[in-house]
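Trainee: This is the content of query.cif (mmCIF, C-alpha atoms and all ligand atoms):
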```
data_final
#
loop_
_atom_site.label_atom_id
_atom_site.label_comp_id
_atom_site.auth_asym_id
_atom_site.auth_seq_id
_atom_site.Cartn_x
_atom_site.Cartn_y
_atom_site.Cartn_z
CA MET A 1 9.15 13.34 15.30
CA ASP A 2 6.48 16.07 15.35
CA ILE A 3 2.88 14.94 14.88
CA THR A 4 0.41 17.81 14.61
CA ILE A 5 -3.37 17.63 14.31
CA ILE A 6 -4.74 19.51 11.30
CA ALA A 7 -8.33 20.80 11.23
CA ALA A 8 -10.31 19.38 8.31
CA PRO A 9 -14.09 19.66 8.73
CA GLU A 10 -15.06 16.79 6.41
CA HIS A 11 -12.52 14.34 7.92
CA GLU A 12 -12.50 12.56 11.26
CA ARG A 13 -8.79 13.01 11.91
CA VAL A 14 -5.88 14.48 9.96
CA VAL A 15 -2.28 14.66 11.14
CA GLU A 16 0.87 16.17 9.74
CA PHE A 17 4.10 14.32 10.56
CA LYS A 18 7.56 15.77 10.30
CA ASP A 19 11.04 14.54 11.16
CA SER A 20 13.51 17.06 9.83
CA ALA A 21 16.56 14.91 10.59
CA LEU A 22 15.17 12.13 8.36
CA GLY A 23 13.68 14.48 5.76
CA LEU A 24 10.26 13.00 6.49
CA LEU A 25 7.17 15.13 5.90
CA GLY A 26 3.65 13.99 5.16
CA TYR A 27 0.01 13.61 6.15
CA VAL A 28 -2.37 10.90 7.28
CA ALA A 29 -6.00 11.73 6.53
CA ILE A 30 -8.74 9.62 8.10
CA HIS A 31 -11.98 10.47 6.35
CA SER A 32 -14.35 7.99 7.97
CA THR A 33 -14.29 5.02 10.34
CA ARG A 34 -18.08 4.62 10.18
CA ARG A 35 -17.84 1.17 8.52
CA GLY A 36 -14.60 0.07 10.23
CA PRO A 37 -10.95 1.11 10.56
CA ALA A 38 -9.85 3.48 7.82
CA ALA A 39 -7.83 1.67 5.17
CA GLY A 40 -5.91 3.13 2.25
CA GLY A 41 -2.39 3.15 0.89
CA VAL A 42 0.52 5.49 1.42
CA ARG A 43 1.70 7.45 -1.61
CA MET A 44 5.17 8.94 -1.96
CA HIS A 45 5.37 11.76 -4.48
CA PRO A 46 7.54 14.86 -5.01
CA TYR A 47 4.69 17.32 -4.33
CA GLY A 48 5.64 20.90 -5.22
CA HIS A 49 3.97 22.34 -2.14
CA THR A 50 2.74 20.99 1.23
CA ALA A 51 -0.78 22.28 0.50
CA GLU A 52 -0.83 20.09 -2.60
CA ALA A 53 0.21 17.04 -0.55
CA LEU A 54 -2.40 17.71 2.12
CA ASN A 55 -5.09 18.23 -0.47
CA ASP A 56 -4.16 14.96 -2.18
CA ALA A 57 -4.35 13.08 1.16
CA LEU A 58 -7.79 14.58 1.91
CA ARG A 59 -9.19 13.77 -1.54
CA LEU A 60 -7.71 10.28 -1.64
CA ALA A 61 -8.96 9.48 1.90
CA ARG A 62 -12.51 10.46 0.94
CA GLY A 63 -12.15 8.34 -2.19
CA MET A 64 -11.17 5.36 -0.01
CA THR A 65 -14.33 5.72 2.08
CA PHE A 66 -16.33 5.47 -1.13
CA LYS A 67 -14.22 2.68 -2.60
CA ASN A 68 -14.32 0.52 0.52
CA ALA A 69 -18.06 0.99 0.90
CA ALA A 70 -18.70 0.26 -2.80
CA ALA A 71 -16.79 -3.02 -2.36
CA ASP A 72 -18.95 -3.66 0.72
CA LEU A 73 -15.89 -4.01 2.96
CA PRO A 74 -16.14 -3.42 6.71
CA LEU A 75 -13.54 -0.68 6.36
CA GLY A 76 -13.54 3.10 6.43
CA GLY A 77 -11.47 5.46 4.33
CA GLY A 78 -8.03 6.91 4.93
CA LYS A 79 -4.84 7.68 3.07
CA ALA A 80 -1.30 8.83 3.75
CA VAL A 81 1.09 10.84 1.61
CA ILE A 82 4.81 11.35 2.03
CA VAL A 83 6.44 14.32 0.30
CA GLY A 84 9.52 13.21 -1.64
CA ASP A 85 10.85 11.47 -4.69
CA PRO A 86 10.58 7.71 -4.07
CA GLN A 87 13.65 7.10 -6.27
CA VAL A 88 15.81 9.52 -4.29
CA ASP A 89 14.40 10.23 -0.83
CA LYS A 90 13.13 6.84 0.36
CA SER A 91 15.15 5.01 3.01
CA PRO A 92 14.43 2.20 5.49
CA GLU A 93 14.73 4.74 8.35
CA LEU A 94 12.20 7.08 6.74
CA LEU A 95 9.76 4.19 6.17
CA GLN A 96 10.15 2.99 9.75
CA ALA A 97 9.49 6.50 11.05
CA PHE A 98 6.30 6.53 9.00
CA GLY A 99 5.47 3.16 10.61
CA GLN A 100 5.68 4.88 14.01
CA VAL A 101 3.17 7.48 12.85
CA VAL A 102 0.75 4.74 11.77
CA GLN A 103 1.22 2.92 15.08
CA SER A 104 0.49 6.14 17.00
CA LEU A 105 -3.01 6.13 15.45
CA SER A 106 -3.78 2.89 17.36
CA GLY A 107 -5.41 0.99 14.50
CA GLN A 108 -7.72 3.79 13.38
CA TYR A 109 -5.77 3.75 10.10
CA TRP A 110 -4.33 0.77 8.17
CA THR A 111 -1.72 1.60 5.57
CA ALA A 112 -0.73 -0.31 2.41
CA GLU A 113 0.99 0.18 -0.93
CA ASP A 114 0.17 3.03 -3.28
CA MET A 115 2.12 4.91 -5.96
CA GLY A 116 5.82 5.13 -5.17
CA MET A 117 5.68 2.18 -2.75
CA THR A 118 6.51 -1.54 -2.97
CA PRO A 119 5.82 -4.64 -0.83
CA ILE A 120 9.42 -4.37 0.48
CA ASP A 121 8.66 -0.84 1.69
CA MET A 122 5.63 -2.24 3.51
CA ALA A 123 7.95 -4.65 5.33
CA HIS A 124 10.08 -1.71 6.55
CA ILE A 125 6.95 0.13 7.72
CA GLY A 126 5.84 -3.10 9.42
CA PHE A 127 8.91 -3.08 11.70
CA LYS A 128 7.20 -0.27 13.61
CA THR A 129 3.50 -0.92 13.23
CA ASP A 130 0.96 -3.74 13.29
CA PHE A 131 -1.36 -1.81 11.00
CA VAL A 132 0.23 -2.40 7.62
CA ALA A 133 -0.99 -4.59 4.75
CA GLY A 134 0.32 -5.40 1.29
CA LEU A 135 3.20 -7.40 2.74
CA ALA A 136 4.99 -9.92 0.55
CA GLU A 137 5.45 -12.50 3.32
CA GLY A 138 3.50 -13.73 6.33
CA GLN A 139 0.46 -15.87 7.06
CA PHE A 140 -2.09 -13.44 5.60
CA ALA A 141 0.28 -11.53 3.29
CA SER A 142 -1.57 -10.26 0.24
CA GLY A 143 1.44 -8.96 -1.74
CA ASP A 144 1.11 -6.78 -4.82
CA PRO A 145 -2.57 -5.90 -5.32
CA SER A 146 -2.13 -4.82 -8.95
CA PRO A 147 -3.10 -8.13 -10.65
CA ILE A 148 -6.40 -8.21 -8.71
CA THR A 149 -6.95 -4.51 -9.39
CA ALA A 150 -6.51 -5.24 -13.10
CA ARG A 151 -9.00 -8.13 -12.92
CA GLY A 152 -11.57 -5.77 -11.40
CA ILE A 153 -10.95 -3.16 -14.11
CA HIS A 154 -11.26 -5.81 -16.79
CA ASN A 155 -14.65 -6.76 -15.31
CA ALA A 156 -15.67 -3.10 -15.30
CA ILE A 157 -14.68 -2.78 -18.96
CA CYS A 158 -16.77 -5.87 -19.81
CA VAL A 159 -19.85 -4.46 -18.04
CA THR A 160 -19.31 -1.05 -19.65
CA ALA A 161 -18.94 -2.59 -23.13
CA ARG A 162 -22.23 -4.44 -22.65
CA HIS A 163 -24.08 -1.32 -21.52
CA ARG A 164 -22.55 1.03 -24.10
CA PHE A 165 -22.20 -1.20 -27.14
CA GLY A 166 -24.38 -4.24 -26.37
CA LEU A 167 -21.31 -6.49 -26.60
CA VAL A 168 -21.04 -9.77 -24.70
CA ASN A 169 -17.24 -9.94 -25.03
CA LEU A 170 -14.30 -7.68 -25.84
CA ASN A 171 -13.22 -9.43 -29.02
CA GLY A 172 -12.29 -6.81 -31.62
CA LEU A 173 -13.00 -3.87 -29.30
CA THR A 174 -10.34 -1.13 -29.25
CA VAL A 175 -9.19 0.01 -25.81
CA SER A 176 -6.79 2.92 -25.26
CA VAL A 177 -4.73 2.48 -22.09
CA GLN A 178 -2.98 5.41 -20.37
CA GLY A 179 -0.25 4.34 -17.93
CA LEU A 180 1.49 0.99 -18.25
CA GLY A 181 2.76 0.50 -14.73
CA HIS A 182 1.72 -2.25 -12.31
CA VAL A 183 -1.98 -1.98 -13.09
CA GLY A 184 -1.88 -0.91 -16.75
CA ALA A 185 0.51 -3.68 -17.79
CA HIS A 186 -1.62 -6.41 -16.14
CA LEU A 187 -4.73 -4.91 -17.68
CA CYS A 188 -3.17 -4.98 -21.17
CA HIS A 189 -2.48 -8.67 -20.67
CA LEU A 190 -6.12 -9.41 -19.76
CA LEU A 191 -7.48 -7.26 -22.59
CA ASP A 192 -5.17 -8.90 -25.11
CA ASP A 193 -6.29 -12.35 -23.91
CA ALA A 194 -9.90 -11.24 -24.42
CA GLY A 195 -9.17 -10.29 -28.05
CA ALA A 196 -9.22 -6.50 -27.62
CA ARG A 197 -7.03 -4.24 -29.78
CA LEU A 198 -4.82 -1.93 -27.77
CA ILE A 199 -3.57 1.63 -28.13
CA VAL A 200 -1.14 2.41 -25.32
CA THR A 201 0.88 5.22 -23.82
CA ASP A 202 3.20 5.94 -20.91
CA VAL A 203 5.46 8.86 -20.05
CA ASP A 204 8.15 6.19 -19.89
CA ALA A 205 8.64 5.70 -23.64
CA ARG A 206 10.59 2.47 -23.16
CA GLN A 207 7.74 0.89 -21.20
CA SER A 208 5.34 2.03 -23.88
CA ALA A 209 7.48 0.40 -26.58
CA ARG A 210 7.83 -2.83 -24.52
CA ILE A 211 4.08 -3.21 -24.03
CA ALA A 212 3.35 -2.26 -27.65
CA GLU A 213 5.69 -4.98 -28.86
CA LYS A 214 4.39 -7.60 -26.44
CA PHE A 215 0.73 -7.14 -27.38
CA SER A 216 1.08 -5.88 -30.97
CA ALA A 217 -0.41 -2.61 -29.75
CA GLN A 218 -0.14 0.87 -31.22
CA ALA A 219 1.98 3.12 -28.99
CA VAL A 220 1.26 6.85 -29.00
CA ALA A 221 2.80 9.86 -27.25
CA PRO A 222 1.29 10.67 -23.79
CA ASP A 223 -0.64 13.74 -24.99
CA ALA A 224 -1.95 11.92 -28.06
CA ILE A 225 -3.90 9.31 -26.06
CA TYR A 226 -6.87 11.66 -25.53
CA ASP A 227 -7.84 12.02 -29.17
CA VAL A 228 -7.14 8.55 -30.54
CA LYS A 229 -10.22 6.83 -31.91
CA ALA A 230 -11.08 3.89 -29.67
CA ASP A 231 -14.13 2.26 -28.12
CA ILE A 232 -13.07 2.52 -24.47
CA PHE A 233 -10.46 4.71 -22.79
CA ALA A 234 -8.83 3.16 -19.69
CA PRO A 235 -6.93 5.74 -17.59
CA CYS A 236 -4.43 3.83 -15.44
CA ALA A 237 -1.86 6.51 -14.61
CA ILE A 238 -2.46 9.59 -12.48
CA GLY A 239 -5.61 11.35 -11.22
CA GLY A 240 -7.39 14.29 -12.81
CA THR A 241 -6.84 13.24 -16.43
CA LEU A 242 -10.56 13.63 -17.21
CA ASN A 243 -10.94 17.39 -17.21
CA GLU A 244 -12.30 20.30 -19.21
CA THR A 245 -9.32 20.17 -21.56
CA SER A 246 -9.16 16.42 -22.19
CA ILE A 247 -12.88 15.52 -22.30
CA PRO A 248 -13.69 17.56 -25.44
CA LEU A 249 -10.86 15.71 -27.22
CA LEU A 250 -12.06 12.17 -26.44
CA ARG A 251 -13.20 10.05 -29.39
CA VAL A 252 -14.42 7.04 -27.39
CA GLY A 253 -17.80 5.68 -26.37
CA ALA A 254 -16.85 4.97 -22.77
CA VAL A 255 -14.22 5.45 -20.08
CA ALA A 256 -13.38 2.62 -17.67
CA GLY A 257 -9.98 2.47 -16.01
CA GLY A 258 -8.06 2.05 -12.81
CA ALA A 259 -6.54 5.40 -11.86
CA ASN A 260 -7.80 6.97 -8.65
CA ASN A 261 -9.68 10.29 -8.88
CA GLN A 262 -9.86 10.32 -12.67
CA LEU A 263 -12.31 13.22 -12.69
CA ALA A 264 -10.70 16.60 -12.00
CA SER A 265 -14.08 17.72 -10.61
CA ASP A 266 -17.63 16.36 -10.24
CA GLY A 267 -18.63 18.63 -13.14
CA ASP A 268 -16.45 16.52 -15.42
CA ALA A 269 -18.82 13.57 -14.92
CA GLN A 270 -21.56 15.82 -16.32
CA MET A 271 -19.39 16.79 -19.25
CA LEU A 272 -18.80 13.13 -20.11
CA HIS A 273 -22.50 12.42 -19.71
CA HIS A 274 -23.47 15.26 -22.04
CA ARG A 275 -21.01 14.03 -24.63
CA GLY A 276 -22.61 10.57 -24.49
CA ILE A 277 -19.45 8.98 -23.09
CA LEU A 278 -20.36 6.32 -20.54
CA TYR A 279 -18.14 6.65 -17.46
CA ALA A 280 -17.52 3.66 -15.19
CA PRO A 281 -16.90 5.27 -11.76
CA ASP A 282 -13.25 4.79 -10.84
CA PHE A 283 -13.75 3.88 -7.20
CA VAL A 284 -15.89 0.91 -8.26
CA ALA A 285 -13.76 -0.09 -11.27
CA ASN A 286 -10.52 -0.18 -9.27
CA GLY A 287 -11.87 -1.72 -6.04
CA GLY A 288 -10.08 -5.03 -6.66
CA GLY A 289 -6.88 -3.73 -5.10
CA ILE A 290 -8.45 -2.90 -1.75
CA VAL A 291 -10.34 -6.21 -1.82
CA ASN A 292 -6.96 -7.92 -2.05
CA VAL A 293 -5.51 -5.78 0.74
CA ALA A 294 -8.59 -6.40 2.88
CA THR A 295 -7.84 -10.14 2.97
CA GLU A 296 -4.77 -9.23 5.02
CA ILE A 297 -6.45 -6.68 7.30
CA LEU A 298 -9.44 -8.95 7.93
CA ARG A 299 -7.28 -12.12 8.10
CA VAL A 300 -9.30 -13.99 5.51
CA ALA A 301 -8.49 -17.70 5.44
CA GLU A 302 -10.01 -18.76 2.08
CA ARG A 303 -8.37 -15.93 0.20
CA GLU A 304 -8.91 -16.87 -3.45
CA ALA A 305 -12.59 -17.74 -3.12
CA TRP A 306 -13.24 -14.64 -0.99
CA VAL A 307 -11.53 -12.37 -3.55
CA ALA A 308 -13.43 -14.00 -6.44
CA ASP A 309 -16.75 -13.45 -4.62
CA ARG A 310 -15.92 -9.80 -3.94
CA LEU A 311 -14.84 -9.17 -7.53
CA LYS A 312 -18.11 -10.69 -8.71
CA ALA A 313 -20.04 -8.45 -6.31
CA LEU A 314 -18.12 -5.38 -7.57
CA LYS A 315 -19.03 -6.32 -11.15
CA GLN A 316 -22.69 -6.55 -10.13
CA THR A 317 -22.45 -3.19 -8.39
CA MET A 318 -21.07 -1.63 -11.58
CA ASP A 319 -23.93 -3.21 -13.53
CA ARG A 320 -26.45 -1.81 -11.03
CA ILE A 321 -24.89 1.67 -11.27
CA LEU A 322 -24.90 1.75 -15.07
CA THR A 323 -28.46 0.39 -15.20
CA ARG A 324 -29.74 3.01 -12.75
CA ALA A 325 -27.83 5.78 -14.54
CA LYS A 326 -29.55 4.83 -17.79
CA ILE A 327 -33.02 4.68 -16.20
CA GLU A 328 -32.55 8.01 -14.41
CA ALA A 329 -30.67 9.57 -17.36
CA VAL A 330 -27.91 10.83 -15.07
CA SER A 331 -24.18 10.25 -14.93
CA PRO A 332 -23.00 6.94 -13.40
CA HIS A 333 -20.74 8.94 -11.11
CA GLU A 334 -23.78 10.61 -9.56
CA VAL A 335 -25.47 7.23 -9.07
CA ALA A 336 -22.34 5.65 -7.57
CA GLU A 337 -21.92 8.51 -5.09
CA SER A 338 -25.55 8.28 -4.04
CA ILE A 339 -25.44 4.47 -3.64
CA VAL A 340 -22.42 4.82 -1.35
CA GLN A 341 -24.03 7.66 0.62
CA GLU A 342 -27.02 5.34 1.17
CA MET A 343 -24.63 2.64 2.45
CA LEU A 344 -22.84 5.09 4.75
CA HIS A 345 -26.02 6.67 6.08
CA PRO A 346 -28.73 3.99 5.85
CA LYS A 347 -32.23 5.30 6.36
CA ALA A 348 -34.01 3.80 9.36
CA ALA A 349 -36.57 1.21 8.17
P1 LIG A 401 2.51 2.69 -11.26
O1 LIG A 401 3.30 3.81 -10.67
O2 LIG A 401 3.04 1.31 -11.24
O3 LIG A 401 2.18 3.02 -12.80
C1 LIG A 401 1.76 4.27 -13.26
C2 LIG A 401 2.29 4.41 -14.68
O4 LIG A 401 1.73 5.58 -15.26
C3 LIG A 401 3.81 4.55 -14.77
O5 LIG A 401 4.32 3.64 -15.73
C4 LIG A 401 4.02 6.00 -15.18
O6 LIG A 401 5.18 6.18 -15.98
C5 LIG A 401 2.75 6.26 -15.97
N1 LIG A 401 2.35 7.66 -16.07
C6 LIG A 401 2.39 8.62 -15.13
N2 LIG A 401 1.89 9.76 -15.61
C7 LIG A 401 1.48 9.51 -16.87
C8 LIG A 401 0.87 10.28 -17.88
N3 LIG A 401 0.56 11.57 -17.70
N4 LIG A 401 0.62 9.70 -19.09
C9 LIG A 401 0.93 8.41 -19.29
N5 LIG A 401 1.53 7.62 -18.38
C10 LIG A 401 1.79 8.16 -17.17
O7 LIG A 401 1.08 2.79 -10.56
P2 LIG A 401 -0.04 1.66 -10.55
O8 LIG A 401 0.09 0.88 -9.30
O9 LIG A 401 -0.08 0.97 -11.87
O10 LIG A 401 -1.35 2.56 -10.38
C11 LIG A 401 -1.89 3.26 -11.49
C12 LIG A 401 -3.13 4.01 -11.03
O11 LIG A 401 -4.08 3.10 -10.50
C13 LIG A 401 -2.89 5.05 -9.93
O12 LIG A 401 -3.78 6.12 -10.10
C14 LIG A 401 -3.25 4.29 -8.65
O13 LIG A 401 -3.63 5.15 -7.60
C15 LIG A 401 -4.43 3.47 -9.16
N6 LIG A 401 -4.69 2.25 -8.39
C16 LIG A 401 -3.73 1.31 -8.27
C17 LIG A 401 -4.01 0.13 -7.56
C18 LIG A 401 -2.99 -0.96 -7.46
O14 LIG A 401 -3.37 -2.09 -7.11
N7 LIG A 401 -1.73 -0.70 -7.76
C19 LIG A 401 -5.27 -0.05 -6.99
C20 LIG A 401 -6.25 0.93 -7.15
C21 LIG A 401 -5.94 2.09 -7.86
#
```
Will you turn the file into structure tokens for me?
Ligand code: NAD
Mentor:
Amino acid sequence: MDITIIAAPEHERVVEFKDSALGLLGYVAIHSTRRGPAAGGVRMHPYGHTAEALNDALRLARGMTFKNAAADLPLGGGKAVIVGDPQVDKSPELLQAFGQVVQSLSGQYWTAEDMGMTPIDMAHIGFKTDFVAGLAEGQFASGDPSPITARGIHNAICVTARHRFGLVNLNGLTVSVQGLGHVGAHLCHLLDDAGARLIVTDVDARQSARIAEKFSAQAVAPDAIYDVKADIFAPCAIGGTLNETSIPLLRVGAVAGGANNQLASDGDAQMLHHRGILYAPDFVANGGGIVNVATEILRVAEREAWVADRLKALKQTMDRILTRAKIEAVSPHEVAESIVQEMLHPKAA
């Protein structure tokens, strides 16, 4: 196994790992350990180019610093990516080799599940490292974080609906949901229970049809989700779907969803703001997942109560962000970034 340090000025530590015999190639990016050990999942994806994989790790790691701080967790931000198709290239040996990489970082980075990974994969990684969370079994095992992530997004949608439409519940509200995987499917369940009407899409047409049938939702083609008329758009698939092409198409009053890095660039927050579309910052809306994972890293005994408290605090943080954005007439993304910067670099009293 070759582990090489990569220079990245904004990050504390970045390594490339490569084991040609196993077909393993990837990156661990540690953005910040200022608030505690860096925590963030490992993503397996068939990146077209190594530069794309590295860039994703760097961006996602920075996002984790912000997400963990926004959830007021004593954790920093990091992320790992493995280049490969999870359906084809994943093997127990490859996962264990990745576990060795994590162990070599001596607890500076804690890994967990992200796209392309499952709790079983975490168990394989855990054969070689102590610094893995999202396990299905064990005293502090937190399992699949998606249901808690969805609860947090549902809370964010409730707060956003109140700020944007003055609504105290979601009854009769139309929500368009992009991506019906672990998070999106749970979210649809919660929204349906709350009386919302759903418009859904997924690149997997069968999943789209399943969810549409289950919740009497309208299913649309993946590209059609951007210009459906709805009250709130909930991106729950991949990053970068809010961009200069999609934003002009949107016919919604607000965006609140679970995908990481929804904005292709910071400028896209401005574009949403200028269009009068209220944007619930993603790293606050989807913080439930890391709250769940944190119970395992921090060995929390009273798990349910602790998670409920943290979800409530996240909801209050979203409320604070949207309130301040309104008062200052700026985008909520700008406010969220500045609140986290204040947490990371507190001014001396
Ligand atoms: P997942 O892989 O289970 O589901 C993603 C779904 O999106 C899949 O069904 C996929 O077919 C679909 N999809 C992909 N590209 C699409 C597109 N262009 N249009 C429509 N559908 C598309 O992943 P997940 O765990 O549900 O995570 C979804 C998002 O939420 C990701 O961005 C992830 O990083 C983020 N997130 C997840 C968690 C968690 O707890 N799982 C926590 C925080 C953030």
Trainee: Let me see if you get this right: every residue at most 8 Å from ligand LIG 401 (chain A), counting only C-alpha atoms and all ligand atoms, written as a PyMOL selection string.
Mentor: chain A and resi 113-116+144-150+178-185+201-204+207+222-223+235-239+241+258-262+286-290
Trainee: Hey, which of A:Ala196, A:Val132, A:Val340, A:Leu250 ends up closest to A:Met64? Count all atoms listed in the file.
Mentor: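 Smallest distance to A:Met64 is found for A:Val340.
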Trainee: If we count all atoms listed in the file and set the cut-off at 12 Å, which residues sit around A:Val168, ignoring sequence neighbours fewer than 3 positions away in its own chain? Please answer as an MDAnalysis selection string.
Mentor: chainID A and resid 155 157:165 171:173 194
Trainee: I want to know what sits within 7 Å of A:Lys67, based on all atoms listed in the file, with residues of the same chain fewer than 3 positions away left out; could you give that as a list in words?
Mentor: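 Listed by chain and then number, they are Gly63, Met64, Ala70, Ala71, Phe283, Val284 and Gly287 of chain A.
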Trainee: With distances taken over all atoms listed in the file, which residue among A:Lys18, A:His273, A:Arg303, A:Lys214 lies nearest A:Leu322?
Mentor: A:His273
Trainee: Can you tell me how far atom CA of A:Leu249 sits from atom CA of A:Ala234, in Å to one decimal?
Mentor: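 Interatomic distance here is 14.8 Å.
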Trainee: Nearest residue to A:Ala280 out of A:Lys347, A:Arg310, A:Arg43, A:His333, using only C-alpha atoms?
Mentor: A:His333
Trainee: Which residues are near A:Ser331? Cut-off 10 Å, all atoms listed in the file, ignore same chain within fewer than 6 positions. Put them as a list in words.
Mentor: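 Selected residues are Asp268, Ala269, Gln270, Met271, Leu272, His273, His274, Gly276, Ile277, Leu278, Tyr279, Ala280, Pro281, Ile321, Leu322, Arg324 and Ala325 of chain A.
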Trainee: Emit the selected residues as a CSV table (one decimal), in the coordinates of the input, including C-alpha atoms.
Mentor:
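Done, and the output landed in part11.csv:
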```csv
chain,number,residue,atom,x,y,z
A,268,ASP,CA,-16.4,16.5,-15.4
A,269,ALA,CA,-18.8,13.6,-14.9
A,270,GLN,CA,-21.6,15.8,-16.3
A,271,MET,CA,-19.4,16.8,-19.2
A,272,LEU,CA,-18.8,13.1,-20.1
A,273,HIS,CA,-22.5,12.4,-19.7
A,274,HIS,CA,-23.5,15.3,-22.0
A,276,GLY,CA,-22.6,10.6,-24.5
A,277,ILE,CA,-19.4,9.0,-23.1
A,278,LEU,CA,-20.4,6.3,-20.5
A,279,TYR,CA,-18.1,6.6,-17.5
A,280,ALA,CA,-17.5,3.7,-15.2
A,281,PRO,CA,-16.9,5.3,-11.8
A,321,ILE,CA,-24.9,1.7,-11.3
A,322,LEU,CA,-24.9,1.8,-15.1
A,324,ARG,CA,-29.7,3.0,-12.8
A,325,ALA,CA,-27.8,5.8,-14.5
```
Trainee: Which residue out of A:Ile297, A:Ile3, A:Ala141, A:Leu25 has the minimum interatomic distance to A:Ala38 when all atoms listed in the file are used?
Mentor: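 Of the candidates, the smallest distance to A:Ala38 is held by A:Ile297.
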Trainee: Measuring atom to atom with all atoms listed in the file, identify which of A:Ala294, A:Ala61, A:Ala313, A:Ala69 is nearest to A:Gln341.
Mentor: A:Ala69
